[in-house]
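Comments concern the structure below.
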Amino acid sequence: MEIFHISAECYPMAKVGGLADVVGALPKYQTNAGHLVRVVVPCYDTKFKNENDFECVHWATVKLGNFDFPFSVLKEKTNKLGYELYLIEINDLFNRPNVYGYEDDIERFLSFQIATLDWIIARNKIPDIINCHDHHTGLVPFLLQVAYKYETLKDVKTAITIHNGLYQGWFGFDKLYYLPEFDLKHVGLLEWNNSINSLAVGVKCANAVTTVSPSYLNEINYSANGLEELFRSVRNKSKGILNGIDFEVWNPLKDQMIAENYSIENFETGKLKNKEKLCEQFELDSSKPLFSFIGRLFEEKGGDLLPQASALALSEHFEDINILILGSGNAEIELQLTQLRNDYKGNYNVFIGYNEELAHLIYAGSDYVLMPSRVEPCGLNQMYAMRYGTIPIVRRTGGLRDTVIDFGDDGNGVCHDQASVGDICYSINRAVNLYNDKTNFNKVVQRGMSTDHSWERVCQEYIELYNLIIEKNEI
Ligand code: ADP
């Protein structure tokens, strides 16, 4: 079948978080399974865009209310990513280094969605499935159904995948005139709590709703930043499909970004080499267990708990642990984490910023990865960590609940129930004891390394869902 994925992020073109990893991998496995898969993302000014060759396959003007923006559709020439990548180039709106965070984000992503549909309809070929991702593409199912100009695409089946339900893309009805013309009797589909809520629109209008883990599907029924009732009402067209990880990109045996390659056969020596490099770079002691954190420094990730939890754990275990943090986000958390460096020199360090290469080295060289998340729709870090022989320490929530089992139950990680400083420190204590019991520690590592989180199986679940909505219009 012909499948379109429309998304704000796609690795390696543009990455902020897990959305990029999923949209960069799932299409590859769908292509391998024999489908024709096209991924469409905005054309940001990124390294990947600047270092690769593209050909222009379509150009026109996209109308956003009174504004007319010239746009082009650029296709990556070689298909080397394993699927067809298309960039929607609207220079006035996207020729910028960052994916999000601009005052005109609403205008940017509305134009992106409209330009994408303008192009799809101009091809004169009707796709089988359009899979939207998160709120940035939530209006697509609505526009397909009701906008006069997309009439011939009206029957295309759509799925919306929710990678993060906290962000919803709200805007006021004063911007309604941005949308292509439609019969106003449908205007109620746009509304949630008196504003236009892009995610809610997608959830109402798509033929199927997927979340990136089964547990997250349950959780959003009672905690979804105001959309709980909506999620409960669409339960019969919703499915939780646990993300996979791209075993080609995340493979400690072949990874070019780490200091020493290894597999489950020789992980002890391989990981030690990576740990030594990491510890040398960050002035830490490689003979001690290394606890790391990688991620966005926000409350949803438990980022606000890290400064106090690190200080407490380090003062209790000053002689026997190291902590290393890689992340960026809330300025106050960044400052607190940076200041800790003065108090715990030699046992603690932090890198504020985004660094893909360093993330790979940290997964390879750490003993534990901390994930004290309050909300975790799926979480990829714990799966990358396990693949690299690093034990995840997680709060039981969302996808963490679905992928990590406590070592006390013969599992692959360390689990706690609360997102609190106390629970993190308690888990660090348990992890230190486990580290000192090498036989059991290695068993937990091996169980993690042999857990199968490959995309092949997951990819099939998506195809089955697409088939159901194509054949029966329901799941
Ligand atoms: P989310 O999408 O909510 O941020 P996920 O666990 O789904 O969380 O995905 C996070 C992805 O982003 C992982 O690939 C992780 O390694 C990466 N990542 C997050 N922060 C950084 C950072 N500061 N530097 C490098 N990679 C990062």
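Residues are named by chain letter and number: chains run A, B, ... in the order of the structure tokens, numbers start at 1 in each chain, and ligands are numbered from 1 in the order shown.
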8 Å shell around ligand 1 using only C-alpha atoms and all ligand atoms, listed as a ChimeraX atom specification: /A:15-21,163-164,294-296,301,326-328,352-360,376-382,384
Those of segment 45-285 of chain A in DSSP strand (DSSP E or B), formatted as a PyMOL selection string: chain A and resi 54-64+67-76+84-89+129-133+147+157-162+170-171+182+191-192+195-197+208-211+238-240+245
For segment 135-148 of chain A, work out the shell of residues within 9 Å, counting only C-alpha atoms and skipping chain neighbours fewer than 5 positions away, then give it as a PDB file with N, CA and C atoms, in the first residue's frame.
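Result went into around01.pdb, see below:
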```
ATOM      1  N   ILE A   6       3.244  12.040   7.911  1.00  0.00           N
ATOM      2  CA  ILE A   6       3.436  13.494   7.944  1.00  0.00           C
ATOM      3  C   ILE A   6       3.817  13.868   9.374  1.00  0.00           C
ATOM      4  N   SER A   7       4.946  14.559   9.517  1.00  0.00           N
ATOM      5  CA  SER A   7       5.484  14.752  10.870  1.00  0.00           C
ATOM      6  C   SER A   7       6.329  16.022  10.950  1.00  0.00           C
ATOM      7  N   ALA A   8       6.455  16.563  12.147  1.00  0.00           N
ATOM      8  CA  ALA A   8       7.329  17.726  12.347  1.00  0.00           C
ATOM      9  C   ALA A   8       8.799  17.319  12.457  1.00  0.00           C
ATOM     10  N   ILE A 106       2.183  28.309  15.076  1.00  0.00           N
ATOM     11  CA  ILE A 106       0.846  27.922  14.571  1.00  0.00           C
ATOM     12  C   ILE A 106       0.794  28.125  13.052  1.00  0.00           C
ATOM     13  N   PHE A 109       3.079  25.459  11.201  1.00  0.00           N
ATOM     14  CA  PHE A 109       2.610  24.078  11.020  1.00  0.00           C
ATOM     15  C   PHE A 109       1.277  23.996  10.281  1.00  0.00           C
ATOM     16  N   LEU A 110       0.485  25.080  10.327  1.00  0.00           N
ATOM     17  CA  LEU A 110      -0.723  25.084   9.481  1.00  0.00           C
ATOM     18  C   LEU A 110      -0.320  25.118   8.011  1.00  0.00           C
ATOM     19  N   PHE A 112       2.415  24.128   6.719  1.00  0.00           N
ATOM     20  CA  PHE A 112       3.024  22.835   6.388  1.00  0.00           C
ATOM     21  C   PHE A 112       1.944  21.806   6.040  1.00  0.00           C
ATOM     22  N   GLN A 113       0.901  21.752   6.864  1.00  0.00           N
ATOM     23  CA  GLN A 113      -0.158  20.752   6.621  1.00  0.00           C
ATOM     24  C   GLN A 113      -0.906  21.057   5.317  1.00  0.00           C
ATOM     25  N   ILE A 114      -1.208  22.327   5.102  1.00  0.00           N
ATOM     26  CA  ILE A 114      -1.983  22.680   3.897  1.00  0.00           C
ATOM     27  C   ILE A 114      -1.123  22.445   2.639  1.00  0.00           C
ATOM     28  N   LEU A 117      -0.976  18.736   1.814  1.00  0.00           N
ATOM     29  CA  LEU A 117      -2.194  18.224   1.172  1.00  0.00           C
ATOM     30  C   LEU A 117      -2.349  18.790  -0.237  1.00  0.00           C
ATOM     31  N   ILE A 130      -2.800   7.864   5.355  1.00  0.00           N
ATOM     32  CA  ILE A 130      -1.966   8.974   5.841  1.00  0.00           C
ATOM     33  C   ILE A 130      -1.859   8.812   7.348  1.00  0.00           C
ATOM     34  N   LEU A 153      -9.854  13.619  -1.984  1.00  0.00           N
ATOM     35  CA  LEU A 153      -9.072  12.809  -1.028  1.00  0.00           C
ATOM     36  C   LEU A 153      -9.930  12.401   0.174  1.00  0.00           C
ATOM     37  N   LYS A 154     -11.192  12.708   0.098  1.00  0.00           N
ATOM     38  CA  LYS A 154     -12.093  12.562   1.246  1.00  0.00           C
ATOM     39  C   LYS A 154     -12.089  11.156   1.851  1.00  0.00           C
ATOM     40  N   ASP A 155     -11.890  10.151   0.991  1.00  0.00           N
ATOM     41  CA  ASP A 155     -11.985   8.786   1.506  1.00  0.00           C
ATOM     42  C   ASP A 155     -10.638   8.182   1.927  1.00  0.00           C
ATOM     43  N   VAL A 156      -9.593   8.988   1.852  1.00  0.00           N
ATOM     44  CA  VAL A 156      -8.287   8.453   2.284  1.00  0.00           C
ATOM     45  C   VAL A 156      -8.351   8.184   3.788  1.00  0.00           C
ATOM     46  N   LYS A 157      -7.897   7.020   4.195  1.00  0.00           N
ATOM     47  CA  LYS A 157      -7.951   6.673   5.618  1.00  0.00           C
ATOM     48  C   LYS A 157      -6.777   7.299   6.363  1.00  0.00           C
ATOM     49  N   THR A 158      -7.073   7.699   7.603  1.00  0.00           N
ATOM     50  CA  THR A 158      -6.036   8.386   8.371  1.00  0.00           C
ATOM     51  C   THR A 158      -5.872   7.748   9.753  1.00  0.00           C
ATOM     52  N   ALA A 159      -4.637   7.788  10.234  1.00  0.00           N
ATOM     53  CA  ALA A 159      -4.357   7.406  11.619  1.00  0.00           C
ATOM     54  C   ALA A 159      -3.579   8.555  12.233  1.00  0.00           C
ATOM     55  N   ILE A 160      -3.806   8.813  13.502  1.00  0.00           N
ATOM     56  CA  ILE A 160      -2.942   9.787  14.185  1.00  0.00           C
ATOM     57  C   ILE A 160      -2.226   9.064  15.321  1.00  0.00           C
ATOM     58  N   ILE A 162      -0.057   9.326  18.681  1.00  0.00           N
ATOM     59  CA  ILE A 162       0.230  10.298  19.752  1.00  0.00           C
ATOM     60  C   ILE A 162       1.534   9.912  20.448  1.00  0.00           C
ATOM     61  N   ASN A 164       3.102  12.390  22.245  1.00  0.00           N
ATOM     62  CA  ASN A 164       3.070  13.186  23.472  1.00  0.00           C
ATOM     63  C   ASN A 164       1.776  13.986  23.511  1.00  0.00           C
ATOM     64  N   GLY A 165       0.891  13.598  24.426  1.00  0.00           N
ATOM     65  CA  GLY A 165      -0.429  14.232  24.493  1.00  0.00           C
ATOM     66  C   GLY A 165      -0.451  15.521  25.304  1.00  0.00           C
ATOM     67  N   TYR A 167       1.296  18.251  24.667  1.00  0.00           N
ATOM     68  CA  TYR A 167       1.348  19.386  23.740  1.00  0.00           C
ATOM     69  C   TYR A 167       0.217  19.208  22.733  1.00  0.00           C
ATOM     70  N   GLN A 168      -0.597  20.256  22.566  1.00  0.00           N
ATOM     71  CA  GLN A 168      -1.827  20.046  21.787  1.00  0.00           C
ATOM     72  C   GLN A 168      -2.047  21.037  20.653  1.00  0.00           C
ATOM     73  N   GLY A 169      -1.210  22.071  20.543  1.00  0.00           N
ATOM     74  CA  GLY A 169      -1.344  23.010  19.428  1.00  0.00           C
ATOM     75  C   GLY A 169      -2.656  23.793  19.451  1.00  0.00           C
ATOM     76  N   TRP A 170      -2.888  24.516  20.564  1.00  0.00           N
ATOM     77  CA  TRP A 170      -4.123  25.307  20.663  1.00  0.00           C
ATOM     78  C   TRP A 170      -3.965  26.611  19.885  1.00  0.00           C
ATOM     79  N   LEU A 179      -7.714  28.534   7.587  1.00  0.00           N
ATOM     80  CA  LEU A 179      -7.993  27.197   7.036  1.00  0.00           C
ATOM     81  C   LEU A 179      -8.658  27.293   5.669  1.00  0.00           C
ATOM     82  N   PRO A 180      -8.391  26.328   4.808  1.00  0.00           N
ATOM     83  CA  PRO A 180      -9.093  26.290   3.515  1.00  0.00           C
ATOM     84  C   PRO A 180     -10.604  26.217   3.766  1.00  0.00           C
ATOM     85  N   GLU A 181     -11.368  26.727   2.820  1.00  0.00           N
ATOM     86  CA  GLU A 181     -12.815  26.817   3.009  1.00  0.00           C
ATOM     87  C   GLU A 181     -13.472  25.460   3.259  1.00  0.00           C
ATOM     88  N   PHE A 182     -14.419  25.440   4.196  1.00  0.00           N
ATOM     89  CA  PHE A 182     -15.181  24.207   4.461  1.00  0.00           C
ATOM     90  C   PHE A 182     -16.569  24.587   4.949  1.00  0.00           C
ATOM     91  N   ASP A 183     -17.485  23.632   4.909  1.00  0.00           N
ATOM     92  CA  ASP A 183     -18.850  23.882   5.362  1.00  0.00           C
ATOM     93  C   ASP A 183     -18.827  24.116   6.880  1.00  0.00           C
ATOM     94  N   HIS A 186     -19.351  21.961  10.178  1.00  0.00           N
ATOM     95  CA  HIS A 186     -18.360  21.052  10.781  1.00  0.00           C
ATOM     96  C   HIS A 186     -17.443  21.735  11.793  1.00  0.00           C
ATOM     97  N   LEU A 189     -16.014  20.290  15.106  1.00  0.00           N
ATOM     98  CA  LEU A 189     -14.924  19.299  15.147  1.00  0.00           C
ATOM     99  C   LEU A 189     -13.591  19.940  15.555  1.00  0.00           C
ATOM    100  N   LEU A 190     -13.504  21.261  15.364  1.00  0.00           N
ATOM    101  CA  LEU A 190     -12.242  21.939  15.671  1.00  0.00           C
ATOM    102  C   LEU A 190     -12.116  22.305  17.151  1.00  0.00           C
ATOM    103  N   ASN A 197      -8.133  23.076  19.007  1.00  0.00           N
ATOM    104  CA  ASN A 197      -7.120  22.230  19.631  1.00  0.00           C
ATOM    105  C   ASN A 197      -6.694  21.192  18.586  1.00  0.00           C
ATOM    106  N   SER A 198      -5.511  21.404  18.023  1.00  0.00           N
ATOM    107  CA  SER A 198      -5.077  20.587  16.878  1.00  0.00           C
ATOM    108  C   SER A 198      -5.058  19.095  17.198  1.00  0.00           C
ATOM    109  N   LEU A 199      -4.583  18.746  18.404  1.00  0.00           N
ATOM    110  CA  LEU A 199      -4.512  17.322  18.730  1.00  0.00           C
ATOM    111  C   LEU A 199      -5.924  16.743  18.839  1.00  0.00           C
ATOM    112  N   ALA A 200      -6.814  17.496  19.508  1.00  0.00           N
ATOM    113  CA  ALA A 200      -8.193  17.013  19.663  1.00  0.00           C
ATOM    114  C   ALA A 200      -8.858  16.837  18.292  1.00  0.00           C
ATOM    115  N   VAL A 201      -8.573  17.745  17.368  1.00  0.00           N
ATOM    116  CA  VAL A 201      -9.155  17.650  16.021  1.00  0.00           C
ATOM    117  C   VAL A 201      -8.711  16.340  15.366  1.00  0.00           C
ATOM    118  N   GLY A 202      -7.426  16.071  15.452  1.00  0.00           N
ATOM    119  CA  GLY A 202      -6.892  14.842  14.855  1.00  0.00           C
ATOM    120  C   GLY A 202      -7.518  13.610  15.479  1.00  0.00           C
ATOM    121  N   VAL A 203      -7.657  13.639  16.812  1.00  0.00           N
ATOM    122  CA  VAL A 203      -8.220  12.487  17.520  1.00  0.00           C
ATOM    123  C   VAL A 203      -9.685  12.281  17.125  1.00  0.00           C
ATOM    124  N   LYS A 204     -10.421  13.389  16.979  1.00  0.00           N
ATOM    125  CA  LYS A 204     -11.836  13.258  16.601  1.00  0.00           C
ATOM    126  C   LYS A 204     -11.969  12.732  15.166  1.00  0.00           C
ATOM    127  N   CYS A 205     -11.137  13.235  14.262  1.00  0.00           N
ATOM    128  CA  CYS A 205     -11.390  12.988  12.839  1.00  0.00           C
ATOM    129  C   CYS A 205     -10.656  11.783  12.250  1.00  0.00           C
ATOM    130  N   ALA A 206      -9.548  11.369  12.844  1.00  0.00           N
ATOM    131  CA  ALA A 206      -8.795  10.254  12.237  1.00  0.00           C
ATOM    132  C   ALA A 206      -9.591   8.957  12.347  1.00  0.00           C
ATOM    133  N   ASN A 207      -9.355   8.041  11.431  1.00  0.00           N
ATOM    134  CA  ASN A 207     -10.033   6.745  11.491  1.00  0.00           C
ATOM    135  C   ASN A 207      -9.495   5.888  12.627  1.00  0.00           C
TER     136      ASN A 207
END
```
d(atom CA of Tyr177 of chain A, atom CA of Glu229 of chain A) in Å: 27.9 Å
Residue among A:Glu89, A:Glu300, A:Glu283, A:Asp409 lying closest to Arg395 of chain A, counting only C-alpha atoms: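 Closest residue, counting only C-alpha atoms: A:Glu300.
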Would you write out, as CSV, a table of all residues in segment 72-132 of chain A that have an atom no more than 6 Å from an atom of segment 48-54 of chain A, listing for each the closest atom pair and the distance in Å to one decimal, considering only C-alpha atoms and ordering rows by chain and rising residue number?
```
residue,atom,partner,partner_atom,distance
A:Leu74,CA,A:Phe54,CA,5.7
A:Lys75,CA,A:Phe54,CA,5.2
A:Glu76,CA,A:Phe54,CA,4.5
A:Lys77,CA,A:Phe54,CA,5.1
```
Contacts of Lys275 of chain A at 12 Å (only C-alpha atoms; same-chain gap of 3+ positions) as a PyMOL selection string: chain A and resi 258-260+267-272+278-292+322+324+358+360-368+388-390
Keeping C-alpha atoms for every residue in the selection just given, could you write it to a file as a short mmCIF file (atom, residue, chain, number, x, y, z; two decimals), in the first residue's frame?
```cif
data_model
loop_
_atom_site.label_atom_id
_atom_site.label_comp_id
_atom_site.auth_asym_id
_atom_site.auth_seq_id
_atom_site.Cartn_x
_atom_site.Cartn_y
_atom_site.Cartn_z
CA ILE A 258 31.21 5.01 20.33
CA ALA A 259 34.80 4.33 21.41
CA GLU A 260 34.72 0.52 21.22
CA PHE A 267 30.10 -6.43 26.81
CA GLU A 268 32.22 -6.22 29.96
CA THR A 269 35.44 -5.26 28.19
CA GLY A 270 33.65 -3.29 25.47
CA LYS A 271 31.65 -1.19 27.86
CA LEU A 272 34.67 -0.52 30.06
CA LEU A 278 33.56 9.04 28.91
CA CYS A 279 35.11 9.34 32.36
CA GLU A 280 38.27 10.85 30.92
CA GLN A 281 36.22 13.41 28.98
CA PHE A 282 34.15 14.36 32.05
CA GLU A 283 36.80 13.94 34.76
CA LEU A 284 35.06 11.04 36.47
CA ASP A 285 36.43 7.84 37.99
CA SER A 286 35.77 4.79 35.80
CA SER A 287 36.15 2.36 38.71
CA LYS A 288 32.85 3.58 40.20
CA PRO A 289 29.33 2.86 38.92
CA LEU A 290 28.22 5.56 36.51
CA PHE A 291 24.62 6.80 36.63
CA SER A 292 23.55 8.94 33.66
CA ASN A 322 29.49 9.01 39.53
CA LEU A 324 26.65 12.41 34.45
CA LEU A 358 27.66 12.02 23.17
CA HIS A 360 25.54 7.21 22.02
CA LEU A 361 28.74 7.20 24.07
CA ILE A 362 26.77 7.65 27.29
CA TYR A 363 24.48 4.71 26.48
CA ALA A 364 27.59 2.63 25.80
CA GLY A 365 29.73 3.77 28.71
CA SER A 366 27.27 4.05 31.61
CA ASP A 367 26.20 1.41 34.08
CA TYR A 368 22.76 2.89 34.70
CA TYR A 388 23.89 -1.07 25.00
CA GLY A 389 24.06 -3.15 28.20
CA THR A 390 23.14 -0.26 30.49
#
```
Between atom CA of Asp45 of chain A and atom CA of Cys10 of chain A, distance in Å (one decimal):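 Atom CA of Asp45 of chain A sits 13.6 Å away from atom CA of Cys10 of chain A.
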Helix (DSSP H, G or I) call set, DSSP backbone run, segment 73-102 of chain A, as a ChimeraX atom specification: /A:91-94
Kindly save the residues from that selection, with all heavy atoms included, as a short mmCIF file (atom, residue, chain, number, x, y, z; two decimals), in the first residue's frame.
```cif
data_model
loop_
_atom_site.label_atom_id
_atom_site.label_comp_id
_atom_site.auth_asym_id
_atom_site.auth_seq_id
_atom_site.Cartn_x
_atom_site.Cartn_y
_atom_site.Cartn_z
N ASN A 91 10.33 28.88 2.63
CA ASN A 91 11.49 29.58 3.21
C ASN A 91 11.13 30.59 4.28
O ASN A 91 11.80 30.69 5.30
CB ASN A 91 12.32 30.23 2.11
CG ASN A 91 13.22 29.20 1.46
OD1 ASN A 91 13.61 28.22 2.13
ND2 ASN A 91 13.51 29.36 0.18
N ASP A 92 10.04 31.32 4.05
CA ASP A 92 9.68 32.36 5.03
C ASP A 92 9.40 31.78 6.41
O ASP A 92 9.54 32.46 7.42
CB ASP A 92 8.41 33.10 4.57
CG ASP A 92 8.71 33.98 3.36
OD1 ASP A 92 9.90 34.27 3.14
OD2 ASP A 92 7.75 34.34 2.66
N LEU A 93 8.98 30.52 6.45
CA LEU A 93 8.53 29.95 7.72
C LEU A 93 9.48 28.89 8.30
O LEU A 93 9.54 28.70 9.52
CB LEU A 93 7.14 29.31 7.55
CG LEU A 93 6.03 30.28 7.11
CD1 LEU A 93 4.77 29.53 6.78
CD2 LEU A 93 5.76 31.30 8.22
N PHE A 94 10.21 28.20 7.44
CA PHE A 94 11.00 27.07 7.95
C PHE A 94 12.50 27.18 7.77
O PHE A 94 13.24 26.34 8.27
CB PHE A 94 10.49 25.76 7.33
CG PHE A 94 9.17 25.35 7.88
CD1 PHE A 94 8.01 25.45 7.13
CD2 PHE A 94 9.06 24.88 9.18
CE1 PHE A 94 6.77 25.09 7.65
CE2 PHE A 94 7.83 24.52 9.73
CZ PHE A 94 6.69 24.63 8.95
#
```
For Phe407 of chain A: contacts at 12 Å, only C-alpha atoms, fewer than 3 positions along chain excluded, given as a PyMOL selection string: chain A and resi 391-394+404+410-416+427+430-431+433-435+440-448
A:Leu306, A:Leu242, A:Ile321, A:Leu253 ranked by distance to Leu337 of chain A, top pick (using only C-alpha atoms): A:Leu306
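Across A:Thr116, A:Asn266, A:Thr338, A:Asn221, the tightest approach to Ala60 of chain A is made by A:Thr116 when counting only C-alpha atoms.
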Distance criterion (only C-alpha atoms): nearest to Ile245 of chain A out of A:Arg341, A:His453, A:His35, A:Arg96: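 Using only C-alpha atoms, Ile245 of chain A sits closest to A:His453.
Across A:Ala14, A:Ala331, A:Ile424, A:Ala208, the tightest approach to Ser310 of chain A is made by A:Ile424 when counting only C-alpha atoms.
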Selected residue of minimal separation from Asp118 of chain A among A:Gln256, A:Asn261, A:Asn131, A:Ser72, counting only C-alpha atoms: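 Under the stated criterion, the closest residue is A:Ser72.
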